[in-house]
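As stored in run11.cif (mmCIF, C-alpha atoms and all ligand atoms):
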```cif
data_input
#
loop_
_atom_site.label_atom_id
_atom_site.label_comp_id
_atom_site.auth_asym_id
_atom_site.auth_seq_id
_atom_site.Cartn_x
_atom_site.Cartn_y
_atom_site.Cartn_z
CA MET A 1 -4.68 -35.16 -34.15
CA ASN A 2 -1.50 -33.29 -33.45
CA THR A 3 -0.64 -33.99 -29.82
CA LEU A 4 2.01 -31.31 -29.80
CA SER A 5 -0.63 -28.62 -30.02
CA HIS A 6 -2.13 -29.95 -26.81
CA THR A 7 1.06 -30.02 -24.80
CA LEU A 8 2.72 -26.87 -26.08
CA PRO A 9 1.37 -23.39 -25.64
CA SER A 10 0.82 -21.48 -28.86
CA VAL A 11 3.44 -19.22 -30.40
CA ASP A 12 2.50 -15.80 -31.75
CA ALA A 13 4.57 -14.13 -34.40
CA VAL A 14 4.62 -10.43 -35.15
CA ARG A 15 6.23 -9.57 -38.45
CA ILE A 16 8.33 -6.42 -38.52
CA ALA A 17 8.06 -5.26 -42.12
CA LEU A 18 11.17 -3.31 -43.09
CA ALA A 19 11.73 -4.56 -46.65
CA GLU A 20 14.93 -6.62 -46.77
CA ARG A 21 15.48 -6.07 -43.08
CA SER A 22 12.14 -7.65 -42.08
CA TYR A 23 12.04 -10.15 -39.24
CA ASP A 24 9.72 -11.98 -36.85
CA ILE A 25 9.14 -11.48 -33.16
CA LEU A 26 8.18 -14.84 -31.66
CA ILE A 27 6.07 -14.55 -28.52
CA GLY A 28 5.01 -17.44 -26.29
CA GLY A 29 5.77 -19.73 -23.37
CA GLY A 30 8.54 -22.33 -23.46
CA LEU A 31 10.24 -20.79 -26.50
CA LEU A 32 13.79 -21.28 -25.20
CA ASP A 33 13.41 -25.05 -25.44
CA ARG A 34 11.48 -25.28 -28.68
CA ALA A 35 13.21 -26.20 -31.91
CA CYS A 36 11.10 -23.78 -33.97
CA SER A 37 12.68 -20.85 -32.13
CA TRP A 38 16.12 -21.72 -33.42
CA THR A 39 15.65 -23.08 -36.92
CA GLY A 40 15.97 -21.00 -40.06
CA LEU A 41 18.53 -18.57 -38.67
CA PRO A 42 21.63 -17.65 -40.72
CA ARG A 43 24.09 -20.55 -40.93
CA ALA A 44 27.53 -20.04 -39.41
CA ALA A 45 30.35 -21.91 -37.75
CA THR A 46 30.23 -19.81 -34.62
CA ALA A 47 27.58 -18.36 -32.34
CA LEU A 48 28.17 -16.11 -29.33
CA ILE A 49 25.66 -15.81 -26.49
CA VAL A 50 26.03 -12.51 -24.68
CA SER A 51 24.30 -12.36 -21.30
CA ASN A 52 24.97 -11.02 -17.82
CA THR A 53 25.79 -12.42 -14.41
CA THR A 54 22.11 -12.42 -13.34
CA VAL A 55 20.44 -13.89 -16.42
CA ALA A 56 23.12 -16.37 -17.52
CA PRO A 57 22.78 -18.68 -14.48
CA LEU A 58 19.01 -18.78 -15.07
CA TYR A 59 18.77 -19.39 -18.81
CA LEU A 60 22.08 -19.63 -20.65
CA ALA A 61 22.54 -23.40 -20.46
CA ARG A 62 19.20 -24.00 -22.17
CA VAL A 63 19.95 -21.58 -24.99
CA LYS A 64 23.41 -23.09 -25.41
CA ALA A 65 21.99 -26.62 -25.66
CA GLN A 66 19.75 -25.50 -28.53
CA LEU A 67 22.44 -23.55 -30.34
CA GLN A 68 24.86 -26.47 -30.20
CA LEU A 69 22.51 -28.27 -32.57
CA HIS A 70 23.11 -25.56 -35.18
CA TYR A 71 26.61 -24.14 -34.65
CA LYS A 72 29.96 -25.94 -34.32
CA GLN A 73 31.36 -23.44 -31.84
CA VAL A 74 29.05 -21.81 -29.27
CA LEU A 75 30.82 -19.13 -27.25
CA GLN A 76 29.43 -17.39 -24.21
CA LEU A 77 30.11 -14.15 -22.38
CA GLU A 78 28.69 -12.99 -19.05
CA LEU A 79 28.89 -9.23 -18.68
CA ASP A 80 28.44 -7.43 -15.37
CA ASP A 81 24.82 -6.55 -14.61
CA GLY A 82 23.62 -2.97 -14.76
CA GLU A 83 23.16 0.17 -16.82
CA ALA A 84 26.59 1.31 -15.59
CA TYR A 85 28.15 -1.51 -17.63
CA LYS A 86 26.48 -0.50 -20.89
CA ASP A 87 29.78 1.02 -21.91
CA TRP A 88 32.92 0.81 -24.05
CA ALA A 89 34.58 -1.65 -21.68
CA SER A 90 31.75 -4.19 -22.04
CA LEU A 91 31.58 -3.64 -25.79
CA ASN A 92 35.30 -4.37 -25.90
CA ARG A 93 34.79 -7.59 -23.97
CA ILE A 94 32.39 -8.73 -26.71
CA ALA A 95 34.95 -7.85 -29.39
CA ASP A 96 37.75 -9.54 -27.42
CA THR A 97 35.72 -12.75 -27.11
CA LEU A 98 34.95 -12.82 -30.82
CA LEU A 99 38.47 -12.02 -31.99
CA ALA A 100 40.16 -14.39 -29.54
CA ALA A 101 38.02 -17.22 -30.95
CA ALA A 102 38.70 -16.10 -34.55
CA ALA A 103 34.97 -15.63 -35.10
CA ASP A 104 34.34 -14.83 -38.77
CA ARG A 105 31.96 -12.43 -40.54
CA LYS A 106 29.12 -14.93 -40.47
CA THR A 107 29.12 -15.38 -36.70
CA VAL A 108 25.69 -14.95 -35.13
CA LEU A 109 25.35 -13.01 -31.87
CA PHE A 110 22.57 -13.87 -29.40
CA ALA A 111 21.57 -11.25 -26.82
CA LEU A 112 20.15 -13.03 -23.76
CA GLY A 113 18.88 -10.53 -21.20
CA GLY A 114 17.11 -7.22 -20.77
CA GLY A 115 17.49 -4.01 -22.72
CA VAL A 116 21.01 -3.38 -21.51
CA VAL A 117 22.35 -6.66 -22.93
CA GLY A 118 20.17 -6.26 -26.04
CA ASP A 119 21.31 -2.72 -26.86
CA MET A 120 24.95 -3.55 -26.30
CA THR A 121 24.97 -6.85 -28.20
CA GLY A 122 23.07 -5.26 -31.08
CA PHE A 123 25.65 -2.51 -31.32
CA ALA A 124 28.49 -5.07 -31.19
CA ALA A 125 26.77 -6.97 -34.03
CA ALA A 126 26.43 -3.76 -36.04
CA ILE A 127 30.15 -3.04 -35.94
CA TYR A 128 31.92 -6.41 -35.65
CA MET A 129 33.53 -6.90 -39.07
CA ARG A 130 31.15 -4.19 -40.33
CA GLY A 131 28.10 -6.15 -39.28
CA VAL A 132 27.15 -9.71 -38.34
CA PRO A 133 23.67 -11.15 -37.76
CA PHE A 134 22.15 -11.05 -34.30
CA VAL A 135 19.14 -12.43 -32.46
CA GLN A 136 17.39 -10.83 -29.51
CA ILE A 137 16.23 -13.03 -26.62
CA PRO A 138 14.65 -10.39 -24.36
CA THR A 139 14.05 -11.55 -20.78
CA THR A 140 12.46 -8.44 -19.23
CA LEU A 141 8.97 -7.15 -19.99
CA LEU A 142 10.47 -3.82 -21.02
CA SER A 143 12.81 -5.42 -23.51
CA GLN A 144 10.05 -7.67 -24.90
CA VAL A 145 7.67 -4.76 -25.57
CA ASP A 146 10.09 -1.98 -26.33
CA SER A 147 13.86 -2.21 -26.66
CA SER A 148 14.01 -5.39 -28.76
CA VAL A 149 11.65 -3.86 -31.35
CA GLY A 150 12.74 -1.10 -33.68
CA GLY A 151 16.42 -1.63 -34.27
CA LYS A 152 17.99 0.97 -32.03
CA THR A 153 21.25 -0.22 -30.49
CA ALA A 154 23.65 1.72 -28.32
CA ILE A 155 26.05 2.05 -25.44
CA ASN A 156 26.28 4.96 -22.99
CA HIS A 157 29.01 7.59 -22.79
CA PRO A 158 29.92 9.19 -19.45
CA LEU A 159 28.48 12.43 -20.87
CA GLY A 160 25.20 10.97 -22.09
CA LYS A 161 22.96 7.92 -22.26
CA ASN A 162 22.78 5.97 -25.57
CA MET A 163 25.14 8.46 -27.22
CA LEU A 164 27.01 5.89 -29.33
CA GLY A 165 25.01 3.47 -31.39
CA ALA A 166 23.48 2.42 -34.68
CA PHE A 167 20.19 1.49 -36.24
CA TYR A 168 20.60 -2.24 -36.76
CA GLN A 169 17.83 -4.83 -37.06
CA PRO A 170 18.00 -8.35 -35.60
CA GLU A 171 17.31 -11.53 -37.56
CA ARG A 172 14.66 -12.55 -35.07
CA VAL A 173 13.34 -11.76 -31.62
CA ILE A 174 12.50 -14.66 -29.30
CA ALA A 175 10.32 -13.42 -26.43
CA ASP A 176 9.84 -16.37 -24.09
CA LEU A 177 7.14 -15.30 -21.61
CA ASP A 178 8.28 -17.94 -19.10
CA THR A 179 11.48 -15.99 -18.51
CA LEU A 180 9.35 -13.26 -16.93
CA ASP A 181 8.61 -15.59 -14.00
CA THR A 182 11.97 -14.75 -12.43
CA LEU A 183 11.77 -11.01 -13.05
CA PRO A 184 11.67 -8.86 -9.87
CA ALA A 185 8.21 -7.28 -9.34
CA ARG A 186 9.63 -3.79 -9.59
CA GLU A 187 11.04 -4.57 -13.06
CA LEU A 188 7.70 -6.05 -14.14
CA SER A 189 5.92 -2.84 -13.15
CA ALA A 190 8.53 -0.76 -14.97
CA GLY A 191 7.87 -2.77 -18.12
CA LEU A 192 4.13 -2.25 -17.69
CA ALA A 193 4.65 1.51 -17.98
CA GLU A 194 5.80 1.08 -21.58
CA VAL A 195 2.90 -1.31 -22.24
CA ILE A 196 0.34 1.17 -20.85
CA LYS A 197 1.83 3.91 -23.05
CA TYR A 198 0.70 2.14 -26.23
CA GLY A 199 -3.01 2.45 -25.31
CA PRO A 200 -3.50 6.22 -25.19
CA ILE A 201 -1.11 6.91 -28.09
CA ALA A 202 -2.42 4.30 -30.53
CA ASP A 203 -5.29 2.07 -29.42
CA ALA A 204 -8.18 3.07 -27.19
CA SER A 205 -9.48 -0.49 -26.92
CA PHE A 206 -6.05 -1.68 -25.73
CA LEU A 207 -6.39 0.82 -22.88
CA ASP A 208 -9.79 -0.73 -21.99
CA TRP A 209 -8.20 -4.18 -22.17
CA LEU A 210 -5.34 -3.13 -19.89
CA GLU A 211 -7.72 -1.80 -17.26
CA ALA A 212 -9.62 -5.09 -17.26
CA ASN A 213 -6.54 -7.32 -17.34
CA LEU A 214 -4.03 -5.54 -15.13
CA PRO A 215 -4.49 -8.00 -12.23
CA ALA A 216 -3.80 -10.92 -14.60
CA LEU A 217 -0.68 -9.18 -15.92
CA LEU A 218 0.60 -8.52 -12.41
CA ALA A 219 -0.02 -12.20 -11.61
CA ARG A 220 2.07 -13.02 -14.74
CA ASP A 221 -0.77 -14.90 -16.38
CA LYS A 222 0.73 -16.20 -19.65
CA GLN A 223 -2.29 -15.56 -21.83
CA ALA A 224 -2.60 -11.99 -20.64
CA LEU A 225 1.14 -11.41 -21.05
CA ALA A 226 1.05 -12.90 -24.54
CA TYR A 227 -1.63 -10.45 -25.63
CA ALA A 228 0.03 -7.45 -23.97
CA VAL A 229 3.43 -8.23 -25.51
CA ARG A 230 1.94 -8.94 -28.94
CA ARG A 231 -0.21 -5.81 -29.05
CA SER A 232 2.69 -3.65 -27.82
CA CYS A 233 5.03 -5.07 -30.46
CA GLU A 234 2.40 -4.59 -33.18
CA ILE A 235 1.91 -0.96 -32.27
CA LYS A 236 5.61 -0.23 -31.98
CA ALA A 237 6.22 -2.09 -35.26
CA ALA A 238 3.55 -0.07 -37.04
CA VAL A 239 5.02 3.21 -35.82
CA VAL A 240 8.63 2.19 -36.53
CA GLY A 241 7.62 0.81 -39.94
CA GLN A 242 6.46 4.28 -40.93
CA ASP A 243 9.44 6.08 -39.40
CA GLU A 244 12.42 3.75 -38.94
CA ARG A 245 14.95 6.54 -38.39
CA GLU A 246 12.93 8.75 -36.07
CA GLN A 247 12.19 11.65 -38.39
CA GLY A 248 8.81 12.39 -36.87
CA LEU A 249 6.03 9.94 -36.02
CA ARG A 250 8.30 7.72 -33.91
CA ALA A 251 8.43 10.51 -31.33
CA ILE A 252 4.91 9.59 -30.12
CA LEU A 253 6.48 6.51 -28.51
CA ASN A 254 7.97 8.99 -26.06
CA PHE A 255 4.64 9.75 -24.36
CA GLY A 256 5.50 10.51 -20.72
CA HIS A 257 9.21 10.53 -21.49
CA THR A 258 9.89 14.30 -21.45
CA PHE A 259 8.73 14.57 -17.83
CA GLY A 260 10.17 11.10 -17.18
CA HIS A 261 13.67 11.94 -18.36
CA ALA A 262 13.64 15.07 -16.19
CA ILE A 263 12.79 12.88 -13.19
CA GLU A 264 15.55 10.39 -14.03
CA THR A 265 18.20 13.05 -14.56
CA GLY A 266 17.02 15.22 -11.68
CA LEU A 267 17.15 12.38 -9.17
CA GLY A 268 20.33 10.92 -10.63
CA TYR A 269 20.24 7.82 -12.79
CA GLY A 270 19.40 4.59 -11.01
CA GLU A 271 17.24 6.17 -8.30
CA TRP A 272 14.01 5.43 -10.16
CA LEU A 273 13.80 2.82 -12.90
CA HIS A 274 13.15 4.21 -16.37
CA GLY A 275 9.65 2.71 -16.42
CA GLU A 276 8.83 4.26 -13.05
CA ALA A 277 9.80 7.69 -14.33
CA VAL A 278 7.78 7.11 -17.51
CA GLY A 279 4.76 5.99 -15.47
CA CYS A 280 4.80 9.18 -13.44
CA GLY A 281 5.66 11.16 -16.59
CA MET A 282 2.50 9.82 -18.26
CA VAL A 283 0.40 11.19 -15.38
CA LEU A 284 1.94 14.62 -15.97
CA ALA A 285 1.60 14.42 -19.76
CA SER A 286 -2.03 13.29 -19.38
CA ASP A 287 -2.71 16.29 -17.17
CA LEU A 288 -1.05 18.55 -19.73
CA SER A 289 -3.31 17.09 -22.43
CA VAL A 290 -6.30 17.97 -20.23
CA ARG A 291 -5.05 21.48 -19.46
CA LEU A 292 -4.45 22.12 -23.16
CA GLY A 293 -8.14 21.36 -23.67
CA LEU A 294 -7.48 18.24 -25.73
CA MET A 295 -8.86 15.65 -23.30
CA PRO A 296 -11.55 15.60 -20.60
CA GLY A 297 -10.56 15.55 -16.91
CA SER A 298 -11.76 11.95 -16.66
CA PHE A 299 -8.79 10.90 -18.84
CA LEU A 300 -6.32 12.03 -16.18
CA THR A 301 -8.27 10.16 -13.49
CA ARG A 302 -8.25 7.03 -15.60
CA MET A 303 -4.54 7.14 -16.41
CA THR A 304 -3.57 7.90 -12.81
CA ARG A 305 -5.61 4.97 -11.54
CA LEU A 306 -4.14 2.53 -14.07
CA ILE A 307 -0.54 3.65 -13.54
CA GLN A 308 -0.90 3.43 -9.77
CA ALA A 309 -2.52 0.00 -10.00
CA ALA A 310 0.46 -1.16 -12.07
CA GLY A 311 2.68 -0.48 -9.06
CA LEU A 312 4.16 2.71 -10.48
CA PRO A 313 4.66 6.10 -8.80
CA VAL A 314 2.11 8.82 -9.66
CA LYS A 315 3.63 11.65 -7.61
CA ALA A 316 6.68 13.40 -9.05
CA PRO A 317 9.75 13.98 -6.88
CA ASP A 318 9.92 17.61 -5.75
CA LEU A 319 12.95 18.90 -7.61
CA GLY A 320 11.39 22.38 -7.77
CA THR A 321 9.43 23.45 -10.83
CA SER A 322 12.24 25.59 -12.26
CA ARG A 323 14.64 22.64 -12.17
CA TYR A 324 12.10 20.57 -14.12
CA LEU A 325 11.81 23.28 -16.77
CA GLU A 326 15.58 23.56 -17.02
CA LEU A 327 15.98 19.79 -17.41
CA MET A 328 13.22 19.57 -20.02
CA ARG A 329 14.71 22.39 -22.08
CA MET A 330 17.78 20.18 -22.48
CA ASP A 331 15.58 17.36 -23.85
CA LYS A 332 16.41 16.17 -27.40
CA LYS A 333 12.89 17.10 -28.56
CA SER A 334 13.28 20.76 -27.52
CA GLU A 335 13.68 23.21 -30.34
CA ALA A 336 15.27 26.62 -29.68
CA GLY A 337 14.52 26.37 -25.97
CA GLU A 338 10.87 25.49 -26.55
CA ILE A 339 9.88 22.25 -24.83
CA ARG A 340 7.89 19.88 -27.03
CA PHE A 341 5.58 17.38 -25.36
CA VAL A 342 3.85 14.27 -26.66
CA VAL A 343 0.19 14.82 -25.78
CA ILE A 344 -2.97 12.81 -26.29
CA GLU A 345 -5.31 14.46 -28.79
CA ALA A 346 -8.00 11.79 -28.63
CA LEU A 347 -7.99 8.31 -27.08
CA GLY A 348 -5.65 6.33 -29.31
CA ARG A 349 -4.10 9.34 -31.02
CA ALA A 350 -1.02 11.33 -29.99
CA GLY A 351 0.57 14.53 -31.27
CA MET A 352 3.28 17.01 -30.37
CA ARG A 353 2.62 20.35 -28.67
CA SER A 354 4.61 23.02 -26.94
CA ALA A 355 3.20 24.56 -23.77
CA SER A 356 3.87 27.79 -21.89
CA ASP A 357 6.04 27.63 -18.78
CA GLU A 358 3.00 28.77 -16.77
CA LEU A 359 0.94 25.81 -17.92
CA VAL A 360 3.78 23.33 -17.31
CA ASN A 361 4.23 24.86 -13.86
CA GLU A 362 0.55 24.28 -13.10
CA VAL A 363 0.90 20.64 -14.14
CA LEU A 364 3.97 20.16 -11.97
CA GLN A 365 2.42 21.91 -8.96
CA ALA A 366 -0.54 19.57 -9.14
CA HIS A 367 1.58 16.40 -8.98
CA LEU A 368 4.71 17.08 -6.93
CA ALA A 369 5.11 14.73 -3.97
P1 LIG A 401 18.03 -4.35 -17.74
O1 LIG A 401 18.52 -4.93 -18.98
O2 LIG A 401 18.99 -3.64 -16.87
O3 LIG A 401 17.28 -5.47 -16.88
C1 LIG A 401 16.75 -5.14 -15.62
C2 LIG A 401 17.26 -6.08 -14.52
O4 LIG A 401 16.59 -7.34 -14.63
C3 LIG A 401 18.73 -6.39 -14.62
O5 LIG A 401 19.27 -6.48 -13.34
C4 LIG A 401 18.74 -7.76 -15.30
O6 LIG A 401 19.91 -8.50 -15.05
C5 LIG A 401 17.54 -8.40 -14.70
N1 LIG A 401 16.91 -9.45 -15.48
C6 LIG A 401 16.72 -9.48 -16.81
N2 LIG A 401 15.96 -10.52 -17.15
C7 LIG A 401 15.68 -11.19 -16.01
C8 LIG A 401 14.92 -12.35 -15.73
N3 LIG A 401 14.26 -13.00 -16.68
N4 LIG A 401 14.86 -12.76 -14.44
C9 LIG A 401 15.48 -12.06 -13.46
N5 LIG A 401 16.18 -10.95 -13.67
C10 LIG A 401 16.28 -10.52 -14.94
O7 LIG A 401 16.84 -3.29 -18.01
P2 LIG A 401 15.65 -3.25 -19.07
O8 LIG A 401 14.58 -2.48 -18.40
O9 LIG A 401 15.34 -4.57 -19.64
O10 LIG A 401 16.26 -2.39 -20.26
C11 LIG A 401 16.71 -1.06 -20.03
C12 LIG A 401 17.67 -0.68 -21.12
O11 LIG A 401 16.99 -0.73 -22.36
C13 LIG A 401 18.23 0.73 -20.99
O12 LIG A 401 19.60 0.69 -21.21
C14 LIG A 401 17.54 1.49 -22.11
O13 LIG A 401 18.35 2.52 -22.64
C15 LIG A 401 17.30 0.41 -23.12
N6 LIG A 401 16.19 0.68 -24.03
C16 LIG A 401 16.43 0.59 -25.36
C17 LIG A 401 15.41 0.81 -26.26
C18 LIG A 401 15.67 0.64 -27.73
O14 LIG A 401 14.81 1.00 -28.53
N7 LIG A 401 16.78 0.07 -28.10
C19 LIG A 401 14.12 1.12 -25.81
C20 LIG A 401 13.91 1.18 -24.45
C21 LIG A 401 14.95 0.95 -23.56
MG MG A 402 11.15 4.27 -22.71
#
```
Taking this structure as input, can you express it in the form of structure tokens?
Amino acid sequence: MNTLSHTLPSVDAVRIALAERSYDILIGGGLLDRACSWTGLPRAATALIVSNTTVAPLYLARVKAQLQLHYKQVLQLELDDGEAYKDWASLNRIADTLLAAAADRKTVLFALGGGVVGDMTGFAAAIYMRGVPFVQIPTTLLSQVDSSVGGKTAINHPLGKNMLGAFYQPERVIADLDTLDTLPARELSAGLAEVIKYGPIADASFLDWLEANLPALLARDKQALAYAVRRSCEIKAAVVGQDEREQGLRAILNFGHTFGHAIETGLGYGEWLHGEAVGCGMVLASDLSVRLGLMPGSFLTRMTRLIQAAGLPVKAPDLGTSRYLELMRMDKKSEAGEIRFVVIEALGRAGMRSASDELVNEVLQAHLA
């Protein structure tokens, strides 16, 4: 009998099928210290671990110990922590580190952290010497279920979020569920918003499962987290696999995001976490789906209850309804001033609709704090 299988928790793998750019997302406990996480990656003389000042003290030494078994030179860089540092200056620090160490075109970059570190390191990998391999090691729930899947990389510009970037796929994603133990509760809830999103847009039974298992997820039960992360990655992978470059279908992943972005921009970035704004945005988008006659009123009740139980806000900040409309007209999905919303057409199926200002006003009025 294989004793290893008794002492080690199981590892799930979700395959992201994008022809020659296909890769695996490994999901499980204890992955940082397991040899199987690190074998079979591209060979190179040099590896660079990019992390930040919060995550590096927690996990970098363990990753480094593993990588030293595979690479002669293992460099490390600790960026400042925060969305404000997802910028040119940090990107330059990655380039400086690589060039100062004479890192060649085979160098492998490892992104150890949340979505900020992942997006930035991915973009650095896309452009360093016209592209080097990179590996995502997401350490927030949001990055494990969302930002590390799908190949979008970017940095922010003072005039707009994620305005400079590239589509660039990693070699592998290593989602160690144990890293979530140190995540602040507020960040866990924010990640749950993106998990909850996948139910109504793609899988009605996942929504049932989430309602039953939310307490286990909030208690960071590893089995529950493993299923939630795997199912989320599978759904995102299926959507991205059909629409890698966001021509159409991929937009359904933005359920709750049109209202959510208005909240984030209206309050000023950093006031609410992205996931908090998306949680509240899903309440509004659920109500819109009801008012458009697509869903029964019970759907709104159900979504509101789940989002609230996840520790997320369900009342929208009172920016004034006209300010909301103005902000949403600036949304990327708007066409010729007409706001387009992701709505739920049936449990597990999403679509795009526009709605009259009157109807959107009614939705807002019903949910302003
Ligand atoms: P984040 O990277 O800022 O992480 C949140 C906070 O948690 C940070 O302070 C971080 O240092 C800390 N942290 C991370 N892991 C930790 C751990 N294990 N223990 C303790 N603290 C930890 O935020 P995020 O929510 O992970 O990601 C948000 C970013 O992701 C945004 O920049 C957003 O634009 C991007 N994003 C990208 C995509 C995509 O498709 N590429 C999708 C969604 C979001
Ligand atoms: Mg999002």
task = Please determine the residues with any atom at most 10 Å from (1.8, -3.4, -28.2) (coordinates as given in the file, with all atoms listed in the file counting) and report them as a list in words.
result = Gln144, Val145, Asp146, Glu194, Val195, Ile196, Lys197, Tyr198, Gly199, Ala202, Asp203, Phe206, Tyr227, Ala228, Val229, Arg230, Arg231, Ser232, Cys233, Glu234, Ile235, Lys236, Ala237 and Ala238 of chain A
task = Grab me every residue within 8 Å of ligand LIG 401 (chain A), counting only C-alpha atoms and all ligand atoms, and send it over as number ranges by chain.
result = A: 52-55, 58, 81-83, 86, 113-119, 138-143, 146-155, 161-162, 179-184, 187, 190-191, 273-275
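Residue neighbourhood of A:Leu77, excluding near-sequence residues (fewer than 5 positions): Ile49, Val50 and Ser51 of chain A, at 7 Å, using only C-alpha atoms.
With distances restricted to all atoms listed in the file, A:Phe255 is the closest residue to ligand MG 402 (chain A) from A:Tyr23, A:Tyr71, A:Phe255, A:Tyr324.
Considering only C-alpha atoms and all ligand atoms, the residue among A:Leu192, A:Val74, A:Leu98, A:Leu109 positioned nearest to ligand MG 402 (chain A) is A:Leu192.
Going from atom CA of A:Gly241 over to atom CA of A:Gln169, you cover 12.0 Å.
Interatomic distance, atom CA of A:Phe167 to atom CA of A:Phe134: 12.8 Å.
Atom pair atom CA of A:Ser90 / atom CA of A:Gln66 has a distance of 25.3 Å (rounded to one decimal).
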request  = Could you give me, as a ChimeraX atom specification, the residues within 10 Å of A:Asp331, counting all atoms listed in the file and dropping anything in the same chain fewer than 4 positions from it?
outcome  = /A:257-259,261-262,325-327,335,337-340
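With only C-alpha atoms as the atoms that count, the minimum distance from A:Ala285 to the choices A:Gln136, A:Gln242, A:Gln68, A:Thr304 is reached by A:Thr304.
Nearest to A:Glu264 of all the residues A:Ile307, A:Leu319, A:Ala89, A:Leu177 is A:Leu319, based on all atoms listed in the file.
Minimum atom-to-atom distances from A:Gly256, A:Pro57, A:Gly40, A:Gly160 to ligand MG 402 (chain A) were compared using all atoms listed in the file, and the lowest value belongs to A:Gly256.
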message = Using only C-alpha atoms, which protein or nucleic acid residues come within 10 Å of A:Leu31? Drop anything in the same chain fewer than 3 positions from it, and give the result as an MDAnalysis selection string.
response = chainID A and resid 8:11 26:28 34:38 63 137 174:179
Can you write out the residues you just picked, keeping C-alpha atoms, as a PDB file, in the frame of the given file?
```pdb
ATOM      1  CA  LEU A   8       2.720 -26.870 -26.080  1.00  0.00           C
ATOM      2  CA  PRO A   9       1.370 -23.390 -25.640  1.00  0.00           C
ATOM      3  CA  SER A  10       0.820 -21.480 -28.860  1.00  0.00           C
ATOM      4  CA  VAL A  11       3.440 -19.220 -30.400  1.00  0.00           C
ATOM      5  CA  LEU A  26       8.180 -14.840 -31.660  1.00  0.00           C
ATOM      6  CA  ILE A  27       6.070 -14.550 -28.520  1.00  0.00           C
ATOM      7  CA  GLY A  28       5.010 -17.440 -26.290  1.00  0.00           C
ATOM      8  CA  ARG A  34      11.480 -25.280 -28.680  1.00  0.00           C
ATOM      9  CA  ALA A  35      13.210 -26.200 -31.910  1.00  0.00           C
ATOM     10  CA  CYS A  36      11.100 -23.780 -33.970  1.00  0.00           C
ATOM     11  CA  SER A  37      12.680 -20.850 -32.130  1.00  0.00           C
ATOM     12  CA  TRP A  38      16.120 -21.720 -33.420  1.00  0.00           C
ATOM     13  CA  VAL A  63      19.950 -21.580 -24.990  1.00  0.00           C
ATOM     14  CA  ILE A 137      16.230 -13.030 -26.620  1.00  0.00           C
ATOM     15  CA  ILE A 174      12.500 -14.660 -29.300  1.00  0.00           C
ATOM     16  CA  ALA A 175      10.320 -13.420 -26.430  1.00  0.00           C
ATOM     17  CA  ASP A 176       9.840 -16.370 -24.090  1.00  0.00           C
ATOM     18  CA  LEU A 177       7.140 -15.300 -21.610  1.00  0.00           C
ATOM     19  CA  ASP A 178       8.280 -17.940 -19.100  1.00  0.00           C
ATOM     20  CA  THR A 179      11.480 -15.990 -18.510  1.00  0.00           C
TER      21      THR A 179
END
```
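Minimum atom-to-atom distances from A:Gln73, A:Asn254, A:Ser354, A:Asn156 to ligand MG 402 (chain A) were compared using only C-alpha atoms and all ligand atoms, and the lowest value belongs to A:Asn254.
Residues having any atom no farther than 10 Å from (3.2, 19.1, -31.7) (counting all atoms listed in the file) are Ile252, Arg340, Phe341, Val342, Val343, Ala350, Gly351, Met352, Arg353, Ser354 and Ala355 of chain A.
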